[in-house]
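Asks: What follows is protein-v3.txt; its format and atoms are compact mmCIF, C-alpha atoms.
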```
# COMPACT_ATOMS: atom_id res chain seq x y z
CA MET O 1 0.00 0.00 0.00
CA SER O 2 1.12 3.57 -0.61
CA ALA O 3 2.38 5.90 2.07
CA TRP O 4 0.28 8.86 3.10
CA GLN O 5 1.11 12.24 4.48
CA TYR O 6 -1.72 13.76 6.42
CA CYS O 7 -2.62 16.29 9.08
CA ALA O 8 -5.88 16.45 11.01
CA LEU O 9 -6.92 19.52 13.03
CA THR O 10 -10.10 20.47 14.81
CA ASP O 11 -10.96 23.63 16.72
CA THR O 12 -13.95 24.89 18.70
CA GLY O 13 -13.93 28.14 16.73
CA ALA O 14 -14.57 31.64 18.01
CA ARG O 15 -18.25 31.52 18.93
CA ARG O 16 -19.19 28.00 20.06
CA LYS O 17 -18.65 26.73 23.59
CA HIS O 18 -18.19 23.10 22.63
CA ASN O 19 -16.45 21.34 19.80
CA GLU O 20 -18.99 18.92 18.35
CA ASP O 21 -16.68 17.91 15.49
CA SER O 22 -14.53 14.80 15.54
CA VAL O 23 -11.74 13.76 13.21
CA MET O 24 -10.24 10.35 12.54
CA SER O 25 -7.08 9.29 10.75
CA ALA O 26 -6.24 5.64 10.15
CA PRO O 27 -3.47 5.61 7.51
CA GLU O 28 -2.93 1.90 8.09
CA LEU O 29 -6.47 1.39 6.77
CA GLY O 30 -6.33 4.14 4.16
CA LEU O 31 -9.26 5.78 5.95
CA TRP O 32 -9.86 9.33 7.15
CA ALA O 33 -13.09 10.92 8.38
CA VAL O 34 -14.58 14.14 9.65
CA ALA O 35 -17.85 14.10 11.61
CA ASP O 36 -19.80 17.21 12.58
CA GLY O 37 -22.16 16.49 15.45
CA MET O 38 -25.50 18.15 16.07
CA GLY O 39 -27.88 18.10 18.97
CA GLY O 40 -26.45 20.72 21.26
CA HIS O 41 -24.30 20.52 24.38
CA GLU O 42 -22.75 17.07 24.72
CA ALA O 43 -25.12 15.35 22.28
CA GLY O 44 -23.18 16.51 19.22
CA ASP O 45 -19.86 15.56 20.75
CA VAL O 46 -21.18 12.11 21.58
CA ALA O 47 -22.63 11.61 18.09
CA SER O 48 -19.53 12.57 16.15
CA GLY O 49 -17.34 10.72 18.65
CA MET O 50 -19.33 7.52 18.27
CA ILE O 51 -18.91 7.69 14.50
CA VAL O 52 -15.15 8.13 14.46
CA ASP O 53 -14.66 5.51 17.17
CA ALA O 54 -16.70 3.02 15.17
CA LEU O 55 -14.83 3.79 11.95
CA ALA O 56 -11.47 3.45 13.69
CA SER O 57 -12.37 -0.09 14.75
CA ILE O 58 -12.97 -1.32 11.20
CA LYS O 59 -10.80 -4.15 9.95
CA ARG O 60 -10.02 -3.50 6.32
CA PRO O 61 -10.88 -6.37 3.97
CA GLU O 62 -8.59 -7.12 1.03
CA ASN O 63 -11.24 -6.34 -1.55
CA PHE O 64 -11.94 -2.61 -1.85
CA SER O 65 -15.65 -3.08 -2.53
CA LEU O 66 -15.91 -4.96 0.77
CA PHE O 67 -14.07 -2.09 2.46
CA VAL O 68 -16.83 0.22 1.20
CA ASP O 69 -19.40 -2.27 2.54
CA ALA O 70 -17.65 -2.29 5.93
CA VAL O 71 -17.69 1.50 6.22
CA GLU O 72 -21.35 1.63 5.20
CA LEU O 73 -22.38 -1.09 7.67
CA THR O 74 -20.43 0.63 10.44
CA LEU O 75 -22.22 3.92 9.75
CA GLN O 76 -25.59 2.17 9.63
CA LYS O 77 -24.94 0.44 12.94
CA THR O 78 -23.86 3.74 14.44
CA ASN O 79 -27.01 5.31 13.02
CA GLN O 80 -29.09 2.85 15.02
CA ALA O 81 -26.91 3.22 18.10
CA LEU O 82 -27.34 6.99 17.99
CA ARG O 83 -31.10 6.68 17.68
CA ASP O 84 -31.19 4.29 20.64
CA HIS O 85 -28.96 6.62 22.66
CA SER O 86 -31.11 9.61 21.76
CA GLU O 87 -34.23 7.75 22.89
CA LYS O 88 -32.69 6.90 26.26
CA GLN O 89 -30.76 10.07 27.02
CA TYR O 90 -32.49 12.87 25.15
CA ALA O 91 -36.14 11.83 25.02
CA GLY O 92 -35.87 11.04 21.33
CA ARG O 93 -34.75 14.52 20.29
CA THR O 94 -32.55 14.97 17.25
CA MET O 95 -29.04 13.73 17.88
CA GLY O 96 -26.79 12.96 14.97
CA SER O 97 -23.79 13.88 12.95
CA THR O 98 -22.75 14.46 9.41
CA VAL O 99 -19.80 12.43 8.20
CA VAL O 100 -17.45 12.42 5.27
CA ALA O 101 -14.94 9.61 4.82
CA LEU O 102 -12.07 9.15 2.41
CA LEU O 103 -11.04 5.58 1.58
CA ILE O 104 -7.86 5.22 -0.45
CA ALA O 105 -6.17 2.32 -2.20
CA ASP O 106 -3.40 2.30 -4.79
CA GLY O 107 -4.40 4.73 -7.51
CA TYR O 108 -8.06 4.96 -6.61
CA GLY O 109 -10.36 5.59 -3.70
CA ALA O 110 -13.88 6.37 -2.60
CA CYS O 111 -15.68 9.17 -0.85
CA MET O 112 -18.59 8.25 1.41
CA TRP O 113 -20.71 10.82 3.17
CA ALA O 114 -23.97 11.80 4.81
CA GLY O 115 -24.78 15.46 5.36
CA ASP O 116 -22.80 18.55 4.47
CA SER O 117 -19.26 17.74 5.54
CA ARG O 118 -17.17 17.79 2.39
CA LEU O 119 -14.33 16.19 0.49
CA TYR O 120 -12.28 18.27 -1.94
CA ARG O 121 -9.42 17.23 -4.21
CA PHE O 122 -6.65 19.65 -5.13
CA ARG O 123 -5.01 18.68 -8.42
CA ASN O 124 -3.05 20.81 -10.88
CA ASN O 125 -3.81 23.96 -8.86
CA THR O 126 -7.53 23.30 -9.13
CA LEU O 127 -9.86 22.58 -6.24
CA GLU O 128 -12.71 20.19 -6.98
CA GLN O 129 -15.53 19.30 -4.61
CA LEU O 130 -16.09 15.54 -4.79
CA SER O 131 -18.95 15.18 -2.31
CA ARG O 132 -22.34 16.79 -2.79
CA ASP O 133 -24.07 18.23 0.25
CA HIS O 134 -27.22 16.59 1.52
CA SER O 135 -28.91 19.91 2.12
CA GLN O 136 -32.02 21.82 1.15
CA VAL O 137 -29.89 24.41 -0.59
CA GLN O 138 -28.15 21.74 -2.69
CA ARG O 139 -31.56 20.45 -3.75
CA LEU O 140 -32.47 23.94 -4.93
CA VAL O 141 -29.19 24.19 -6.82
CA ASP O 142 -29.74 20.76 -8.41
CA ALA O 143 -33.24 21.80 -9.45
CA GLY O 144 -31.86 24.93 -11.09
CA LEU O 145 -33.75 27.17 -8.66
CA LEU O 146 -30.68 28.63 -7.04
CA ALA O 147 -27.26 29.61 -8.35
CA ALA O 148 -24.43 27.67 -6.73
CA GLU O 149 -22.62 30.90 -5.81
CA ASP O 150 -25.72 32.08 -3.88
CA ALA O 151 -26.04 28.86 -1.92
CA ASP O 152 -23.88 29.77 1.08
CA ALA O 153 -25.81 33.00 1.69
CA HIS O 154 -29.22 31.31 1.50
CA PRO O 155 -31.31 31.44 4.73
CA ASN O 156 -31.55 27.64 4.68
CA ALA O 157 -27.85 27.12 4.15
CA ASN O 158 -27.61 25.26 7.47
CA VAL O 159 -30.52 22.90 6.82
CA ILE O 160 -29.30 19.39 6.11
CA THR O 161 -31.41 16.53 4.81
CA LYS O 162 -29.29 13.55 5.80
CA ALA O 163 -27.16 12.65 8.82
CA VAL O 164 -26.06 9.63 10.78
CA GLY O 165 -28.75 9.29 13.44
CA GLY O 166 -31.23 11.38 11.48
CA ALA O 167 -33.58 8.65 10.28
CA VAL O 168 -34.20 4.92 10.68
CA HIS O 169 -32.86 4.24 7.20
CA LEU O 170 -29.43 5.58 6.30
CA ALA O 171 -28.26 5.45 2.71
CA VAL O 172 -24.68 6.67 2.62
CA ASP O 173 -23.61 8.30 -0.63
CA VAL O 174 -20.58 6.91 -2.46
CA VAL O 175 -18.45 8.21 -5.32
CA MET O 176 -15.33 6.60 -6.68
CA LEU O 177 -12.25 8.68 -7.44
CA ASP O 178 -8.85 8.20 -8.98
CA VAL O 179 -5.68 9.14 -7.11
CA GLN O 180 -2.67 10.57 -8.93
CA PRO O 181 0.77 11.50 -7.60
CA GLY O 182 0.62 14.93 -6.00
CA ASP O 183 -3.12 14.85 -5.37
CA ARG O 184 -4.13 16.41 -2.10
CA PHE O 185 -7.46 15.79 -0.42
CA LEU O 186 -9.29 17.95 2.07
CA LEU O 187 -11.99 16.63 4.39
CA CYS O 188 -13.72 19.39 6.31
CA SER O 189 -16.76 20.41 8.30
CA ASP O 190 -18.97 23.31 7.25
CA GLY O 191 -17.15 25.50 9.75
CA LEU O 192 -14.35 25.77 7.21
CA TYR O 193 -16.15 26.37 3.94
CA ASN O 194 -18.68 28.73 5.53
CA GLU O 195 -15.75 31.02 6.31
CA LEU O 196 -13.46 30.42 3.33
CA ASN O 197 -14.69 30.32 -0.24
CA PRO O 198 -13.18 27.82 -2.71
CA ASP O 199 -10.61 30.32 -3.99
CA GLU O 200 -9.50 31.09 -0.46
CA ILE O 201 -9.19 27.38 0.26
CA ALA O 202 -7.32 26.67 -2.97
CA VAL O 203 -4.70 29.36 -2.42
CA ARG O 204 -3.75 27.79 0.90
CA PHE O 205 -2.97 24.46 -0.76
CA SER O 206 0.18 25.89 -2.29
CA VAL O 207 1.83 26.93 0.96
CA GLY O 208 3.88 23.78 1.62
CA ALA O 209 3.58 20.47 3.41
CA VAL O 210 0.22 19.06 4.47
CA GLU O 211 0.73 20.20 8.08
CA GLU O 212 1.21 23.78 6.93
CA VAL O 213 -1.80 23.59 4.60
CA ALA O 214 -4.04 22.29 7.38
CA ARG O 215 -2.77 24.93 9.81
CA GLN O 216 -3.29 27.73 7.25
CA LEU O 217 -6.84 26.56 6.53
CA LEU O 218 -7.75 26.47 10.19
CA GLN O 219 -6.09 29.82 10.83
CA GLY O 220 -7.94 31.32 7.86
CA ALA O 221 -11.30 30.23 9.25
CA LEU O 222 -10.42 31.58 12.70
CA GLU O 223 -9.35 34.92 11.25
CA LYS O 224 -12.72 35.16 9.48
CA GLY O 225 -14.61 34.74 12.74
CA ALA O 226 -15.09 30.94 12.89
CA ARG O 227 -18.79 31.00 13.77
CA ASP O 228 -18.83 27.21 13.99
CA ASN O 229 -16.44 24.42 14.96
CA VAL O 230 -13.76 23.97 12.32
CA SER O 231 -12.22 20.66 11.30
CA VAL O 232 -9.81 19.88 8.51
CA ILE O 233 -7.88 16.84 7.38
CA VAL O 234 -5.40 17.22 4.56
CA VAL O 235 -4.18 14.00 2.97
CA GLU O 236 -1.55 13.56 0.29
CA ALA O 237 -0.97 10.23 -1.34
CA ASP O 238 2.55 9.19 -2.28
CA VAL O 239 1.46 6.85 -5.06
CA MET U 240 -11.13 11.90 -13.25
CA ASN U 241 -10.82 9.34 -16.00
CA VAL U 242 -13.73 8.14 -18.13
CA LYS U 243 -14.03 4.79 -16.41
CA ILE U 244 -14.60 6.38 -13.01
CA GLU U 245 -17.05 8.89 -14.43
CA GLU U 246 -19.01 6.04 -15.95
CA VAL U 247 -19.00 4.10 -12.70
CA ASN U 248 -20.15 7.15 -10.72
CA ALA U 249 -22.89 7.78 -13.26
CA GLU U 250 -24.17 4.26 -12.57
CA LEU U 251 -23.65 4.47 -8.82
CA SER U 252 -25.76 7.59 -8.36
CA PRO U 253 -29.16 6.19 -9.47
CA LEU U 254 -28.35 2.94 -7.67
CA ILE U 255 -27.93 4.80 -4.38
CA ASP U 256 -31.09 6.80 -5.06
CA SER U 257 -33.07 3.58 -5.56
CA TYR U 258 -31.68 2.14 -2.34
CA ALA U 259 -32.41 5.36 -0.45
CA ALA U 260 -35.97 5.37 -1.81
CA GLY U 261 -36.47 1.80 -0.67
CA THR U 262 -37.05 0.38 -4.15
CA LEU U 263 -33.85 -1.66 -4.05
CA ALA U 264 -33.06 -4.14 -1.27
CA ALA U 265 -29.76 -3.83 0.58
CA GLY U 266 -28.43 -7.16 -0.67
CA GLU U 267 -29.00 -6.40 -4.32
CA TYR U 268 -27.78 -2.84 -3.90
CA ARG U 269 -24.49 -3.93 -2.37
CA GLN U 270 -23.98 -6.67 -4.92
CA ARG U 271 -24.41 -4.24 -7.81
CA ARG U 272 -22.26 -1.65 -6.08
CA ARG U 273 -19.47 -4.17 -5.54
CA ALA U 274 -19.52 -5.00 -9.23
CA LEU U 275 -19.20 -1.31 -10.13
CA ILE U 276 -16.41 -0.66 -7.63
CA CYS U 277 -14.49 -3.67 -8.89
CA LYS U 278 -14.55 -2.14 -12.37
CA VAL U 279 -12.38 0.62 -10.93
CA SER U 280 -10.21 -1.49 -8.63
CA GLY U 281 -9.69 -4.28 -11.15
CA GLU U 282 -10.42 -6.83 -8.43
CA ALA U 283 -12.67 -9.85 -8.81
CA VAL U 284 -16.22 -9.25 -7.64
CA PRO U 285 -16.46 -11.01 -4.26
CA GLU U 286 -19.13 -13.58 -3.59
CA VAL U 287 -20.83 -12.48 -0.39
CA GLU U 288 -23.71 -13.97 1.53
CA ASP U 289 -25.48 -10.73 2.43
CA GLU U 290 -26.95 -10.81 5.89
CA GLY U 291 -29.84 -8.59 4.78
CA SER U 292 -30.09 -6.02 7.52
CA ALA U 293 -33.53 -5.23 8.86
CA GLU U 294 -33.47 -1.65 7.64
CA CYS U 295 -32.57 -2.61 4.11
CA THR U 296 -35.86 -1.88 2.40
CA LEU U 297 -37.27 0.71 4.72
CA PRO U 298 -37.71 3.96 2.87
CA GLY U 299 -38.09 7.28 4.57
CA GLY U 300 -35.62 10.10 4.74
CA MET U 301 -34.71 12.32 7.58
CA ALA U 302 -36.71 15.42 8.38
CA ALA U 303 -34.66 18.47 7.47
CA VAL U 304 -32.70 19.77 10.45
CA ASN U 305 -31.19 23.19 10.90
CA VAL U 306 -27.85 22.36 12.45
CA SER U 307 -27.43 25.83 13.88
CA GLU U 308 -30.56 25.51 16.02
CA THR U 309 -30.32 22.73 18.57
CA PRO U 310 -31.07 24.18 22.00
CA VAL U 311 -34.03 21.85 22.61
CA VAL U 312 -31.78 18.91 23.28
CA GLU U 313 -29.73 20.94 25.69
CA ARG U 314 -32.89 21.69 27.66
CA ALA U 315 -33.95 18.05 27.57
CA GLU U 316 -30.50 16.97 28.58
CA ALA U 317 -30.38 19.46 31.43
CA GLY U 318 -33.60 17.99 32.82
CA LEU U 319 -32.54 14.39 32.44
CA ARG U 320 -28.87 14.49 33.21
CA ASP U 321 -28.58 17.13 35.88
CA GLY U 322 -31.32 15.46 37.86
CA VAL U 323 -33.47 18.60 38.12
CA PRO U 324 -36.74 16.65 38.56
CA GLU U 325 -35.23 14.60 41.40
CA LYS U 326 -34.02 17.75 43.16
CA SER U 327 -37.48 19.32 42.84
CA ASN U 328 -39.14 16.25 44.34
CA ALA U 329 -36.78 16.21 47.31
CA LEU U 330 -37.44 19.88 47.99
CA TYR U 331 -41.19 19.25 47.77
CA TRP U 332 -41.07 16.48 50.39
CA PHE U 333 -38.77 18.50 52.67
CA VAL U 334 -41.14 21.51 52.68
CA THR U 335 -44.15 19.24 53.22
CA ALA U 336 -42.49 17.52 56.17
CA ILE U 337 -41.50 20.83 57.78
CA THR U 338 -45.03 22.20 57.28
CA LEU U 339 -46.55 19.10 58.91
CA LEU U 340 -44.14 19.32 61.85
CA VAL U 341 -44.97 23.01 62.37
CA ALA U 342 -48.69 22.23 62.11
CA ILE U 343 -48.45 19.36 64.61
CA ALA U 344 -46.40 21.51 67.00
CA GLY U 345 -48.96 24.31 66.64
CA VAL U 346 -51.91 22.01 67.41
CA GLY U 347 -50.00 20.51 70.36
CA GLY U 348 -49.27 23.99 71.68
CA LEU U 349 -52.89 25.00 71.30
CA PHE U 350 -54.12 21.90 73.23
CA TRP U 351 -51.52 22.51 75.97
CA TYR U 352 -52.69 26.14 76.29
CA ILE U 353 -56.38 25.13 76.51
CA PHE U 354 -56.11 22.09 78.79
CA ARG U 355 -53.18 23.01 81.07
```
Would you write the structure of this file as structure tokens?

Replies:
Amino acid sequence: MSAWQYCALTDTGARRKHNEDSVMSAPELGLWAVADGMGGHEAGDVASGMIVDALASIKRPENFSLFVDAVELTLQKTNQALRDHSEKQYAGRTMGSTVVALLIADGYGACMWAGDSRLYRFRNNTLEQLSRDHSQVQRLVDAGLLAAEDADAHPNANVITKAVGGAVHLAVDVVMLDVQPGDRFLLCSDGLYNELNPDEIAVRFSVGAVEEVARQLLQGALEKGARDNVSVIVVEADV
Amino acid sequence: MNVKIEEVNAELSPLIDSYAAGTLAAGEYRQRRRALICKVSGEAVPEVEDEGSAECTLPGGMAAVNVSETPVVERAEAGLRDGVPEKSNALYWFVTAITLLVAIAGVGGLFWYIFR
């Protein structure tokens, strides 16, 4: 398997009291994930923490398609566990978390997600969003009712339509991707891209090693006011 | 992204939509997804006995949630975790007991005053 350089950072931000985000790096599996919890107070922390803990315990099968199965089943089991936990601890109130996961093998990989945490790929000085938000705003964009550039300013920009723990049935989205030498990947919570637009994110990818990129991204969000928790994982594949 | 991956993703998307809508069972969905993924990985499609999870054909998405508005849970949690109801009950019984004691002492005092 290839070697990976990566850096994962998470920060409470400037306005929130708690950090409900969780990050997970398992280079030995070729698996990274960002989860953005919701539910308020400790509920969000618990939700995102349960997701990354469950993902970290996966044993990677040889076959990549079975690896995708394993991640999906883990998220579905966590979905049920969160709903059970919510019923017991929070009188059935909403408790869940978005998640975006990057699975990498030699020369290819997969992105799996639920909610509005994102995966970007930076290749040839171009930033490309590989995941598609599960959000009301994205639905409007897909339907041609809203311009993509107006999406972030929309009043319903924070309304998501899918999350782990959000419904009995969880269908995790999957896209396949190819991995080329020099490709860099960014997994992030909405706390990052709500503060930095794609151009502002892209310019920070040229600053140096992955640690420096991750630090610059986090710092950029903090300098812009960081209204939410901010999490970033930058991964570079040495294929 | 090369053509092969674009083609695979173009086939994956409606497959996931069918599964999410509940029109495709989990076992069949995963089998077809494995076949598509193996087109990219070049691996042999694995033969898997799918356990068929209970939720596999249950449709129904999540109600939209505004992730910036979640104080309700904090209130619920405060009530359940901080034990506020238990504290209120204890206070109620304490005040009741004190009131009864004062009342009994008052009645006793009254009888003593009358019949002494």

Asks: Using all atoms listed in the file, can you tell me which of U:Val304, U:Lys243, U:Glu267, U:Gly261 comes closest to chain O?

Replies: U:Val304

Asks: Hey, which of O:Glu128, O:Asp133, O:Glu149, O:Asp238 ends up closest to O:Val179? Count all atoms listed in the file.

Replies: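 Smallest distance to O:Val179 is found for O:Asp238.
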
Asks: Report, in Å with one decimal, the straight-line distance from atom CA of U:Tyr258 to atom CA of O:Val174.

Replies: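 Answer for the atom CA of U:Tyr258 to atom CA of O:Val174 separation: 12.1 Å.
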
Asks: Residues at most 9 Å from U:Arg269, counting all atoms listed in the file, excluding those fewer than 4 positions away in the same chain, as a list in words?

Replies: Ser65 and Asp69 of chain O; Ala264, Ala265, Arg273, Ala274 and Asp289 of chain U

Asks: Please provide the set of residues having any atom within 9 Å of U:Val247, restricted to all atoms listed in the file, with same-chain residues fewer than 4 positions apart removed, written as a list in words.

Replies: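 Non-adjacent residues within range: Val175 and Met176 of chain O; Val242, Lys243, Leu251, Ser252, Leu275, Ile276, Lys278 and Val279 of chain U.
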
Asks: How many Å lie between atom CA of O:Val230 and atom CA of O:Val159, rounded to one decimal?

Replies: 17.7 Å

Asks: So which one's closest to U:Gly266, U:Asn248, U:Ala283, U:Val341, U:Glu288? Using only C-alpha atoms, please.

Replies: U:Glu288

Asks: Which residues of chain O come within 7 Å of chain U, and for each one, what is the closest pair of atoms and their distance in Å to one decimal, counting only C-alpha atoms, sorted by chain and residue number, as a Markdown table?

Replies:
```
| residue | atom | partner | partner_atom | distance |
| --- | --- | --- | --- | --- |
| O:Met38 | CA | U:Val306 | CA | 6.0 |
| O:Gly39 | CA | U:Thr309 | CA | 5.2 |
| O:Gly40 | CA | U:Thr309 | CA | 5.1 |
| O:His41 | CA | U:Glu313 | CA | 5.6 |
| O:Asn63 | CA | U:Glu282 | CA | 6.9 |
| O:Ser65 | CA | U:Arg273 | CA | 5.0 |
| O:Tyr90 | CA | U:Glu316 | CA | 5.7 |
| O:Arg93 | CA | U:Val312 | CA | 6.1 |
| O:Asn158 | CA | U:Asn305 | CA | 5.4 |
| O:Val159 | CA | U:Asn305 | CA | 4.1 |
| O:Ile160 | CA | U:Val304 | CA | 5.5 |
| O:Thr161 | CA | U:Ala303 | CA | 4.6 |
| O:Lys162 | CA | U:Met301 | CA | 5.8 |
| O:Gly166 | CA | U:Met301 | CA | 5.3 |
| O:Ala167 | CA | U:Met301 | CA | 4.7 |
| O:His169 | CA | U:Glu294 | CA | 5.9 |
| O:Ala171 | CA | U:Ala259 | CA | 5.2 |
| O:Asp173 | CA | U:Ile255 | CA | 6.7 |
| O:Val175 | CA | U:Asn248 | CA | 5.8 |
| O:Met176 | CA | U:Asn248 | CA | 6.3 |
| O:Leu177 | CA | U:Ile244 | CA | 6.5 |
| O:Asp178 | CA | U:Met240 | CA | 6.1 |
```

Asks: What lies within 6 Å of O:Ser48 using all atoms listed in the file, ignoring chain neighbours under 3 positions off, as a list of chain:residue names?

Replies: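 Surrounding residues, per the criterion: O:Ser22, O:Ala35, O:Asp36, O:Gly37, O:Asp45, O:Ile51, O:Ser97.
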
Asks: Expressed in Å to a single decimal, how great is the separation between atom CA of O:Val164 and atom CA of O:Val100?

Replies: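 Separating atom CA of O:Val164 from atom CA of O:Val100 is a distance of 10.6 Å.
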
Asks: Which one is closest to O:Gly165: O:Glu212, O:Glu87, O:Asp190, O:Asp228? Count all atoms listed in the file.

Replies: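 Ranking O:Glu212, O:Glu87, O:Asp190, O:Asp228 by distance to O:Gly165, first place goes to O:Glu87.
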
Asks: Around all listed atoms of stretch 179-191 of chain O, padded 3 Å per side, what centre and edge lengths does the axis-aligned box have in Å to one decimal, as JSON?

Replies:
```
{"center_x": -9.1, "center_y": 17.3, "center_z": 0.4, "size_x": 25.7, "size_y": 22.4, "size_z": 24.7}
```

Asks: Using all atoms listed in the file, find the one residue out of O:Ile58, O:Met95, O:Leu146, O:Ile201 that sits nearest to O:Asn125.

Replies: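 So, comparing all the options, the nearest one is O:Ile201.
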
Asks: Could you list, as a VMD selection string, every residue within 8 Å of O:Leu55, counting only C-alpha atoms and ignoring same-chain residues fewer than 2 positions away?

Replies: chain O and resid 51 to 53 57 to 58 71 74 to 75

Asks: Take the residues that were just selected and, keeping C-alpha atoms, output them as a tab-separated table (two decimals), in the frame of the given file.

Replies:
```tsv
chain	number	residue	atom	x	y	z
O	51	ILE	CA	-18.91	7.69	14.50
O	52	VAL	CA	-15.15	8.13	14.46
O	53	ASP	CA	-14.66	5.51	17.17
O	57	SER	CA	-12.37	-0.09	14.75
O	58	ILE	CA	-12.97	-1.32	11.20
O	71	VAL	CA	-17.69	1.50	6.22
O	74	THR	CA	-20.43	0.63	10.44
O	75	LEU	CA	-22.22	3.92	9.75
```

Asks: Using all atoms listed in the file, determine which residues lie at most 10 Å from stretch 150-156 of chain O, disregarding the query and same-chain residues fewer than 5 positions distant; provide the list as a list of chain:residue names.

Replies: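 Listed by chain and then number, they are O:Ser135, O:Gln136, O:Val137, O:Gln138, O:Leu140, O:Val141, O:Tyr193, O:Asn194, O:Glu195, O:Asn197, U:Val304, U:Asn305.
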